[in-house]
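So this one's start18.pdb, PDB, C-alpha atoms:
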```pdb
ATOM      1  CA  MET V  19     -43.606  39.521 -84.367
ATOM      2  CA  LYS V  20     -43.694  36.006 -85.799
ATOM      3  CA  ASN V  21     -40.088  36.431 -86.908
ATOM      4  CA  VAL V  22     -39.054  37.489 -83.402
ATOM      5  CA  ILE V  23     -40.780  34.493 -81.798
ATOM      6  CA  GLY V  24     -39.295  32.171 -84.394
ATOM      7  CA  ALA V  25     -35.809  33.520 -83.746
ATOM      8  CA  ALA V  26     -36.269  33.072 -79.995
ATOM      9  CA  VAL V  27     -37.423  29.468 -80.394
ATOM     10  CA  ALA V  28     -34.491  28.747 -82.693
ATOM     11  CA  ALA V  29     -32.066  30.265 -80.194
ATOM     12  CA  MET V  30     -33.497  28.140 -77.384
ATOM     13  CA  ALA V  31     -33.206  25.017 -79.515
ATOM     14  CA  LEU V  32     -29.583  25.809 -80.364
ATOM     15  CA  SER V  33     -28.837  26.467 -76.688
ATOM     16  CA  ALA V  34     -30.377  23.132 -75.634
ATOM     17  CA  THR V  35     -28.419  21.337 -78.365
ATOM     18  CA  ALA V  36     -25.187  22.988 -77.222
ATOM     19  CA  LEU V  37     -25.795  21.936 -73.608
ATOM     20  CA  THR V  38     -26.512  18.364 -74.695
ATOM     21  CA  THR V  39     -23.369  18.283 -76.793
ATOM     22  CA  ARG V  40     -21.277  19.615 -73.934
ATOM     23  CA  ALA V  41     -22.769  17.014 -71.570
ATOM     24  CA  GLN V  42     -21.973  14.226 -74.043
ATOM     25  CA  ASP V  43     -18.403  15.484 -74.336
ATOM     26  CA  TYR V  44     -17.987  15.812 -70.559
ATOM     27  CA  PRO V  45     -15.339  15.845 -69.278
ATOM     28  CA  ALA V  46     -13.299  17.590 -71.944
ATOM     29  CA  ARG V  47     -10.592  18.685 -69.487
ATOM     30  CA  PRO V  48      -9.309  17.694 -66.018
ATOM     31  CA  VAL V  49     -11.815  17.620 -63.159
ATOM     32  CA  GLN V  50     -11.042  18.688 -59.590
ATOM     33  CA  ILE V  51     -12.261  16.622 -56.619
ATOM     34  CA  ILE V  52     -12.094  18.628 -53.387
ATOM     35  CA  GLN V  53     -11.209  16.590 -50.310
ATOM     36  CA  SER V  54     -11.942  18.025 -46.851
ATOM     37  CA  LEU V  55      -9.520  15.785 -44.928
ATOM     38  CA  PRO V  56      -5.712  15.751 -44.943
ATOM     39  CA  ALA V  57      -3.707  13.712 -47.423
ATOM     40  CA  GLY V  58      -3.026  10.183 -46.234
ATOM     41  CA  THR V  59      -6.212   9.755 -44.198
ATOM     42  CA  GLY V  60      -8.522   6.864 -45.019
ATOM     43  CA  THR V  61     -11.121   9.084 -46.685
ATOM     44  CA  ASP V  62      -8.438  10.863 -48.713
ATOM     45  CA  ILE V  63      -7.065   7.528 -49.934
ATOM     46  CA  LEU V  64     -10.559   6.447 -50.969
ATOM     47  CA  SER V  65     -11.127   9.695 -52.874
ATOM     48  CA  ARG V  66      -7.889   9.124 -54.799
ATOM     49  CA  THR V  67      -8.892   5.556 -55.587
ATOM     50  CA  LEU V  68     -12.239   6.740 -56.914
ATOM     51  CA  ALA V  69     -10.430   9.425 -58.958
ATOM     52  CA  GLN V  70      -8.267   6.746 -60.583
ATOM     53  CA  VAL V  71     -11.348   4.716 -61.510
ATOM     54  CA  PHE V  72     -12.906   7.870 -62.986
ATOM     55  CA  ASP V  73      -9.673   8.506 -64.930
ATOM     56  CA  ALA V  74     -10.084   5.187 -66.700
ATOM     57  CA  ARG V  75     -13.862   5.520 -67.075
ATOM     58  CA  PHE V  76     -13.753   8.966 -68.732
ATOM     59  CA  ASN V  77     -10.228   8.888 -70.212
ATOM     60  CA  GLN V  78      -9.599  12.180 -68.446
ATOM     61  CA  ARG V  79      -7.741  13.297 -65.307
ATOM     62  CA  PHE V  80      -9.597  13.618 -61.989
ATOM     63  CA  LEU V  81      -7.365  15.448 -59.535
ATOM     64  CA  VAL V  82      -7.867  15.331 -55.756
ATOM     65  CA  VAL V  83      -7.192  18.658 -54.030
ATOM     66  CA  ASN V  84      -7.064  18.743 -50.226
ATOM     67  CA  ARG V  85      -8.832  21.764 -48.716
ATOM     68  CA  GLU V  86      -8.944  20.827 -45.043
ATOM     69  CA  GLY V  87      -9.770  23.240 -42.252
ATOM     70  CA  ASN V  88     -12.652  24.253 -39.966
ATOM     71  CA  GLY V  89     -14.231  20.816 -40.172
ATOM     72  CA  VAL V  90     -15.622  20.560 -43.687
ATOM     73  CA  MET V  91     -16.259  24.278 -44.094
ATOM     74  CA  VAL V  92     -13.149  25.243 -46.086
ATOM     75  CA  ALA V  93     -13.858  22.505 -48.631
ATOM     76  CA  ALA V  94     -17.576  23.306 -48.730
ATOM     77  CA  ALA V  95     -16.881  26.999 -49.339
ATOM     78  CA  ALA V  96     -14.508  26.101 -52.177
ATOM     79  CA  LEU V  97     -17.182  23.969 -53.822
ATOM     80  CA  ALA V  98     -19.840  26.647 -53.339
ATOM     81  CA  SER V  99     -17.681  29.240 -55.116
ATOM     82  CA  ALA V 100     -16.650  26.965 -58.000
ATOM     83  CA  PRO V 101     -18.093  27.500 -61.508
ATOM     84  CA  PRO V 102     -21.276  25.438 -62.082
ATOM     85  CA  ASP V 103     -19.804  23.537 -65.013
ATOM     86  CA  GLY V 104     -19.233  20.109 -63.440
ATOM     87  CA  TYR V 105     -15.451  20.447 -63.341
ATOM     88  CA  THR V 106     -15.365  20.783 -59.554
ATOM     89  CA  MET V 107     -16.949  18.349 -57.111
ATOM     90  CA  ALA V 108     -16.246  17.267 -53.536
ATOM     91  CA  PHE V 109     -15.639  13.908 -51.901
ATOM     92  CA  ILE V 110     -16.764  14.957 -48.446
ATOM     93  CA  PRO V 111     -18.603  13.883 -45.266
ATOM     94  CA  ALA V 112     -22.345  14.528 -45.310
ATOM     95  CA  THR V 113     -21.927  16.625 -42.155
ATOM     96  CA  LEU V 114     -21.551  19.680 -44.415
ATOM     97  CA  ILE V 115     -25.373  19.516 -44.537
ATOM     98  CA  THR V 116     -26.503  17.340 -41.626
ATOM     99  CA  VAL V 117     -24.509  19.228 -38.975
ATOM    100  CA  GLN V 118     -22.812  22.394 -40.221
ATOM    101  CA  LEU V 119     -25.949  24.083 -41.517
ATOM    102  CA  HIS V 120     -27.243  23.919 -37.946
ATOM    103  CA  ARG V 121     -23.969  25.054 -36.366
ATOM    104  CA  GLU V 122     -22.630  27.800 -38.630
ATOM    105  CA  LYS V 123     -24.091  31.279 -38.132
ATOM    106  CA  LYS V 124     -23.395  32.421 -41.695
ATOM    107  CA  PRO V 125     -22.539  29.386 -43.844
ATOM    108  CA  PRO V 126     -21.356  30.170 -47.408
ATOM    109  CA  TYR V 127     -24.051  27.864 -48.784
ATOM    110  CA  ASP V 128     -27.586  26.740 -47.989
ATOM    111  CA  ARG V 129     -29.613  23.528 -48.095
ATOM    112  CA  ASN V 130     -30.108  23.758 -51.868
ATOM    113  CA  THR V 131     -26.596  24.783 -52.965
ATOM    114  CA  PHE V 132     -25.349  21.220 -53.498
ATOM    115  CA  VAL V 133     -26.631  18.002 -55.020
ATOM    116  CA  PRO V 134     -25.592  14.849 -53.139
ATOM    117  CA  ILE V 135     -24.721  12.753 -56.203
ATOM    118  CA  CYS V 136     -23.975   9.438 -54.519
ATOM    119  CA  GLN V 137     -22.817   7.946 -51.233
ATOM    120  CA  THR V 138     -19.310   6.491 -51.499
ATOM    121  CA  PHE V 139     -18.344   5.493 -47.955
ATOM    122  CA  ASP V 140     -19.717   4.598 -44.547
ATOM    123  CA  ASN V 141     -17.241   4.810 -41.669
ATOM    124  CA  VAL V 142     -18.467   2.450 -38.946
ATOM    125  CA  LEU V 143     -17.954   3.632 -35.360
ATOM    126  CA  PHE V 144     -17.598   1.633 -32.158
ATOM    127  CA  VAL V 145     -17.689   2.326 -28.462
ATOM    128  CA  GLY V 146     -14.016   1.449 -27.959
ATOM    129  CA  THR V 147     -12.247   0.897 -24.653
ATOM    130  CA  SER V 148      -8.806  -0.207 -23.497
ATOM    131  CA  PRO V 149      -8.108  -3.961 -23.623
ATOM    132  CA  ASN V 150      -7.681  -3.659 -19.845
ATOM    133  CA  SER V 151     -10.977  -1.881 -19.290
ATOM    134  CA  PRO V 152     -13.049  -3.288 -16.401
ATOM    135  CA  PHE V 153     -16.178  -3.048 -18.555
ATOM    136  CA  LYS V 154     -16.922  -6.310 -20.325
ATOM    137  CA  ASP V 155     -19.868  -4.951 -22.274
ATOM    138  CA  LEU V 156     -21.902  -1.790 -22.837
ATOM    139  CA  LYS V 157     -24.510  -2.834 -20.283
ATOM    140  CA  ALA V 158     -21.896  -2.883 -17.514
ATOM    141  CA  LEU V 159     -20.569   0.500 -18.611
ATOM    142  CA  ILE V 160     -24.033   2.078 -18.576
ATOM    143  CA  GLU V 161     -24.838   0.591 -15.167
ATOM    144  CA  PHE V 162     -21.637   2.153 -13.805
ATOM    145  CA  ALA V 163     -22.505   5.486 -15.435
ATOM    146  CA  LYS V 164     -25.949   5.462 -13.807
ATOM    147  CA  ALA V 165     -24.392   4.893 -10.400
ATOM    148  CA  ASN V 166     -21.646   7.463 -11.025
ATOM    149  CA  PRO V 167     -23.093  10.414 -13.011
ATOM    150  CA  GLY V 168     -20.456  12.411 -14.879
ATOM    151  CA  LYS V 169     -17.529  10.247 -13.805
ATOM    152  CA  LEU V 170     -16.965   8.482 -17.134
ATOM    153  CA  ARG V 171     -15.502  10.329 -20.132
ATOM    154  CA  TYR V 172     -15.336   9.576 -23.839
ATOM    155  CA  GLY V 173     -13.038  11.004 -26.480
ATOM    156  CA  THR V 174     -14.331  12.556 -29.693
ATOM    157  CA  SER V 175     -12.938  14.230 -32.799
ATOM    158  CA  GLY V 176     -14.302  17.607 -31.739
ATOM    159  CA  VAL V 177     -17.533  19.305 -30.743
ATOM    160  CA  ALA V 178     -20.436  18.302 -33.041
ATOM    161  CA  SER V 179     -18.259  15.793 -34.910
ATOM    162  CA  ALA V 180     -19.840  12.488 -35.956
ATOM    163  CA  PRO V 181     -18.194  10.582 -33.035
ATOM    164  CA  HIS V 182     -19.292  13.252 -30.564
ATOM    165  CA  LEU V 183     -22.921  13.200 -31.663
ATOM    166  CA  ALA V 184     -22.981   9.387 -31.799
ATOM    167  CA  GLY V 185     -21.857   9.202 -28.172
ATOM    168  CA  ALA V 186     -24.143  12.024 -27.086
ATOM    169  CA  GLU V 187     -27.214  10.389 -28.598
ATOM    170  CA  LEU V 188     -26.277   6.970 -27.194
ATOM    171  CA  PHE V 189     -25.879   8.202 -23.630
ATOM    172  CA  SER V 190     -28.945  10.420 -23.911
ATOM    173  CA  LYS V 191     -31.067   7.419 -24.874
ATOM    174  CA  ALA V 192     -29.460   5.395 -22.074
ATOM    175  CA  GLY V 193     -30.336   8.161 -19.608
ATOM    176  CA  VAL V 194     -26.815   8.568 -18.234
ATOM    177  CA  GLN V 195     -24.392  11.469 -17.825
ATOM    178  CA  VAL V 196     -21.039  10.893 -19.531
ATOM    179  CA  GLN V 197     -18.567  13.672 -20.273
ATOM    180  CA  ASP V 198     -17.333  14.207 -23.827
ATOM    181  CA  VAL V 199     -13.712  15.264 -24.260
ATOM    182  CA  PRO V 200     -12.932  16.832 -27.672
ATOM    183  CA  TYR V 201      -9.602  16.223 -29.424
ATOM    184  CA  ARG V 202      -8.251  17.264 -32.827
ATOM    185  CA  GLY V 203      -8.662  13.715 -34.116
ATOM    186  CA  GLU V 204      -9.288  10.207 -32.921
ATOM    187  CA  SER V 205      -5.613   9.222 -33.100
ATOM    188  CA  ALA V 206      -5.007  11.824 -30.368
ATOM    189  CA  TYR V 207      -7.456  10.339 -27.890
ATOM    190  CA  VAL V 208      -6.746   6.683 -28.605
ATOM    191  CA  THR V 209      -3.396   7.051 -26.840
ATOM    192  CA  GLN V 210      -5.299   8.371 -23.819
ATOM    193  CA  ILE V 211      -7.611   5.350 -23.884
ATOM    194  CA  LEU V 212      -4.712   2.912 -24.107
ATOM    195  CA  GLY V 213      -2.893   4.748 -21.328
ATOM    196  CA  GLY V 214      -5.895   4.593 -19.024
ATOM    197  CA  GLN V 215      -6.410   8.377 -18.820
ATOM    198  CA  LEU V 216      -9.685   8.129 -20.774
ATOM    199  CA  GLU V 217     -12.319   5.442 -20.231
ATOM    200  CA  MET V 218     -13.512   5.138 -23.829
ATOM    201  CA  GLY V 219     -13.937   6.780 -27.217
ATOM    202  CA  MET V 220     -16.268   6.689 -30.188
ATOM    203  CA  THR V 221     -13.711   5.208 -32.564
ATOM    204  CA  SER V 222     -13.478   4.010 -36.154
ATOM    205  CA  THR V 223     -13.087   0.382 -37.157
ATOM    206  CA  PHE V 224      -9.596   1.241 -38.332
ATOM    207  CA  LEU V 225      -8.383   2.281 -34.887
ATOM    208  CA  VAL V 226     -10.283  -0.443 -33.044
ATOM    209  CA  THR V 227      -8.462  -2.964 -35.224
ATOM    210  CA  THR V 228      -5.002  -1.458 -35.517
ATOM    211  CA  GLN V 229      -4.791  -0.340 -31.868
ATOM    212  CA  LYS V 230      -6.464  -3.505 -30.548
ATOM    213  CA  LEU V 231      -9.142  -1.672 -28.596
ATOM    214  CA  LYS V 232     -11.960  -3.577 -26.941
ATOM    215  CA  PRO V 233     -15.221  -2.821 -28.794
ATOM    216  CA  LEU V 234     -18.342  -2.817 -26.633
ATOM    217  CA  ALA V 235     -20.930  -1.904 -29.275
ATOM    218  CA  VAL V 236     -21.107  -0.877 -32.915
ATOM    219  CA  PHE V 237     -23.106   2.058 -34.295
ATOM    220  CA  SER V 238     -24.704   0.306 -37.242
ATOM    221  CA  ASN V 239     -27.886  -1.348 -38.447
ATOM    222  CA  GLU V 240     -25.973  -4.613 -38.675
ATOM    223  CA  ARG V 241     -23.053  -6.219 -36.912
ATOM    224  CA  SER V 242     -19.557  -5.710 -38.257
ATOM    225  CA  LYS V 243     -18.092  -8.609 -40.231
ATOM    226  CA  ALA V 244     -14.784  -7.917 -38.502
ATOM    227  CA  TYR V 245     -16.428  -8.180 -35.053
ATOM    228  CA  PRO V 246     -19.476 -10.445 -35.395
ATOM    229  CA  ASN V 247     -19.797 -10.962 -31.631
ATOM    230  CA  VAL V 248     -20.102  -7.236 -30.884
ATOM    231  CA  PRO V 249     -23.770  -6.156 -30.701
ATOM    232  CA  THR V 250     -25.159  -3.064 -32.366
ATOM    233  CA  THR V 251     -26.392  -0.213 -30.207
ATOM    234  CA  GLY V 252     -29.865  -0.933 -31.600
ATOM    235  CA  GLU V 253     -29.754  -4.524 -30.371
ATOM    236  CA  LEU V 254     -28.966  -3.182 -26.907
ATOM    237  CA  GLY V 255     -31.973  -0.897 -26.991
ATOM    238  CA  PHE V 256     -30.297   2.323 -28.095
ATOM    239  CA  PRO V 257     -30.709   2.786 -31.872
ATOM    240  CA  VAL V 258     -28.391   5.542 -33.085
ATOM    241  CA  SER V 259     -27.925   6.749 -36.669
ATOM    242  CA  THR V 260     -24.309   7.871 -36.981
ATOM    243  CA  LEU V 261     -23.133  10.638 -39.288
ATOM    244  CA  ALA V 262     -19.765   9.170 -40.303
ATOM    245  CA  TYR V 263     -20.622   8.769 -43.974
ATOM    246  CA  GLY V 264     -20.294  10.812 -47.109
ATOM    247  CA  GLY V 265     -19.894  10.867 -50.830
ATOM    248  CA  LEU V 266     -19.756  13.040 -53.914
ATOM    249  CA  PHE V 267     -21.378  16.485 -53.907
ATOM    250  CA  ILE V 268     -21.600  19.041 -56.699
ATOM    251  CA  ARG V 269     -23.246  22.415 -57.220
ATOM    252  CA  SER V 270     -26.957  22.066 -57.858
ATOM    253  CA  ASP V 271     -26.844  24.403 -60.864
ATOM    254  CA  VAL V 272     -24.514  22.109 -62.829
ATOM    255  CA  PRO V 273     -26.304  20.889 -65.997
ATOM    256  CA  PRO V 274     -28.499  17.867 -65.128
ATOM    257  CA  ALA V 275     -27.034  15.799 -67.960
ATOM    258  CA  VAL V 276     -23.544  16.242 -66.514
ATOM    259  CA  ILE V 277     -24.753  15.263 -63.042
ATOM    260  CA  SER V 278     -26.342  12.129 -64.531
ATOM    261  CA  ARG V 279     -23.062  11.128 -66.178
ATOM    262  CA  ILE V 280     -21.202  11.490 -62.878
ATOM    263  CA  ASP V 281     -23.953   9.606 -61.035
ATOM    264  CA  SER V 282     -23.707   6.675 -63.433
ATOM    265  CA  ALA V 283     -19.921   6.604 -63.180
ATOM    266  CA  CYS V 284     -20.100   6.764 -59.377
ATOM    267  CA  ARG V 285     -22.130   3.562 -59.197
ATOM    268  CA  GLU V 286     -19.529   1.761 -61.307
ATOM    269  CA  ALA V 287     -16.600   3.219 -59.352
ATOM    270  CA  VAL V 288     -17.852   2.460 -55.834
ATOM    271  CA  ASN V 289     -18.759  -1.093 -56.844
ATOM    272  CA  SER V 290     -15.450  -1.662 -58.655
ATOM    273  CA  GLY V 291     -12.910  -4.130 -57.313
ATOM    274  CA  ALA V 292     -10.247  -1.436 -56.951
ATOM    275  CA  TYR V 293     -12.462   0.754 -54.772
ATOM    276  CA  THR V 294     -14.009  -1.981 -52.623
ATOM    277  CA  ASP V 295     -10.583  -3.544 -52.018
ATOM    278  CA  MET V 296      -9.141  -0.217 -50.891
ATOM    279  CA  ALA V 297     -12.158   0.472 -48.665
ATOM    280  CA  GLU V 298     -11.639  -2.904 -47.000
ATOM    281  CA  LYS V 299      -7.981  -2.079 -46.364
ATOM    282  CA  GLN V 300      -9.066   1.197 -44.723
ATOM    283  CA  TYR V 301     -11.738  -0.647 -42.684
ATOM    284  CA  VAL V 302     -14.461   1.443 -44.306
ATOM    285  CA  ARG V 303     -17.650   0.201 -45.954
ATOM    286  CA  ALA V 304     -17.912   0.984 -49.659
ATOM    287  CA  THR V 305     -21.662   1.481 -49.429
ATOM    288  CA  TYR V 306     -23.102   2.960 -52.613
ATOM    289  CA  LEU V 307     -26.363   4.907 -52.487
ATOM    290  CA  ASP V 308     -27.813   6.684 -55.502
ATOM    291  CA  ARG V 309     -29.000  10.288 -55.492
ATOM    292  CA  ALA V 310     -32.462   9.517 -54.134
ATOM    293  CA  ALA V 311     -31.342   7.213 -51.327
ATOM    294  CA  PHE V 312     -28.328   9.347 -50.396
ATOM    295  CA  GLY V 313     -30.460  12.470 -50.307
ATOM    296  CA  ALA V 314     -33.134  10.750 -48.211
ATOM    297  CA  ARG V 315     -30.536   9.638 -45.653
ATOM    298  CA  ILE V 316     -29.142  13.160 -45.431
ATOM    299  CA  ASP V 317     -32.635  14.660 -45.035
ATOM    300  CA  ALA V 318     -33.478  12.262 -42.185
ATOM    301  CA  ASP V 319     -30.209  12.984 -40.377
ATOM    302  CA  TYR V 320     -30.591  16.731 -40.929
ATOM    303  CA  ARG V 321     -33.878  16.617 -39.016
ATOM    304  CA  ASN V 322     -32.527  14.299 -36.313
ATOM    305  CA  VAL V 323     -29.440  16.465 -35.720
ATOM    306  CA  ALA V 324     -31.623  19.561 -35.315
ATOM    307  CA  ARG V 325     -33.468  17.817 -32.483
ATOM    308  CA  LEU V 326     -30.268  16.443 -30.920
ATOM    309  CA  LEU V 327     -28.424  19.775 -30.973
ATOM    310  CA  ALA V 328     -31.398  21.489 -29.341
ATOM    311  CA  GLU V 329     -31.174  18.959 -26.508
ATOM    312  CA  LEU V 330     -27.396  19.202 -26.103
ATOM    313  CA  LYS V 331     -27.153  23.018 -26.129
ATOM    314  CA  LEU V 332     -23.562  22.903 -27.389
ATOM    315  CA  PRO V 333     -21.240  25.912 -27.170
ATOM    316  CA  GLU V 334     -20.911  28.008 -30.314
TER
END
```

Encoded form (structure tokens):
Amino acid sequence: MKNVIGAAVAAMALSATALTTRAQDYPARPVQIIQSLPAGTGTDILSRTLAQVFDARFNQRFLVVNREGNGVMVAAAALASAPPDGYTMAFIPATLITVQLHREKKPPYDRNTFVPICQTFDNVLFVGTSPNSPFKDLKALIEFAKANPGKLRYGTSGVASAPHLAGAELFSKAGVQVQDVPYRGESAYVTQILGGQLEMGMTSTFLVTTQKLKPLAVFSNERSKAYPNVPTTGELGFPVSTLAYGGLFIRSDVPPAVISRIDSACREAVNSGAYTDMAEKQYVRATYLDRAAFGARIDADYRNVARLLAELKLPE
């Protein structure tokens, strides 16, 4: 019996040593980074920039693979079915947890399938209107909406998208009825705003800047450096936590030592000059959060979205 126990202990020790050795050698071959958005989008460009920084950091290839479709669900399903060896991760919006787990009837993953390794981007949204809009500020827009329930409309990137839920929560807190109009992407509804067919949209900093929209308010805890005179929704009495952020996710059953190596590298990558410069060019904040802070933000938004969706009663 003693011999059996001794052999078992020895086997466990050898197994632990092997795992440690593999973690120290990680990555020994190319790593795949799944991207949920199409090639050429701002988030895709950022994921490729981070991959290049990882290339240099680990002296190994990190390859971005676009798996867009059904919001983030195609990419999330691909990550969920990947081997738990650390050679597949995803650079993806946090909505795969904060929103989709509430919306999908049979998601291919659950709350504990993934580890949110680190936050890598924060896409700041604005209430954007046409330069010729009669509304000079958000207060005037809300006053009009109160006097004209349901007359105003805002464009979004689809039902339950981050822009949609940002607008829905804003107008709910303001106590006004404003119609949401879903499009396949914000570039589709910006043309409607500029043409006067749509009164406003919940738009990214990129489109506010490049399309010269008039920003009435910013969804953020602090004012945008690009638009310091535009107040936050919180300053105006309507604090809204937007969901347009994300980062690196990996399967939770990947060896902890491997996850720690990626976590450490992520901090260096997001704070690197190459990444922050590219984020600035895409009008996105390169806001790093470690595992604890990133996870806490996701948990808070997961609870808030559950409440918001119950109020909105969205179609399936």

**OP:** Identify all residues satisfying the PyMOL selection byres ((chain V and resi 168) around 8) in the given file; provide them as a PyMOL selection string.
**Re:** chain V and resi 163+166-167+169-171+195-197

Subject >> Between atom CA of Thr227 of chain V and atom CA of Ser151 of chain V - distance in Å to one decimal >> reply: 16.2 Å

**OP:** Please work out which residues fall within 12 Å of (-9.8, 1.0, -46.6), coordinates as given in the file, with all atoms listed in the file counting, and return them as a PyMOL selection string.
**Re:** chain V and resi 58-67+139-142+222-225+292-304

Original post:
By how many Å are atom CA of Ala95 of chain V and atom CA of Val117 of chain V apart?
Top reply: 15.0 Å

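In this comparison, which uses all atoms listed in the file, the residue of V:Ala324, V:Phe72, V:Gln210, V:Leu266 approaching Gln53 of chain V most closely is V:Leu266.
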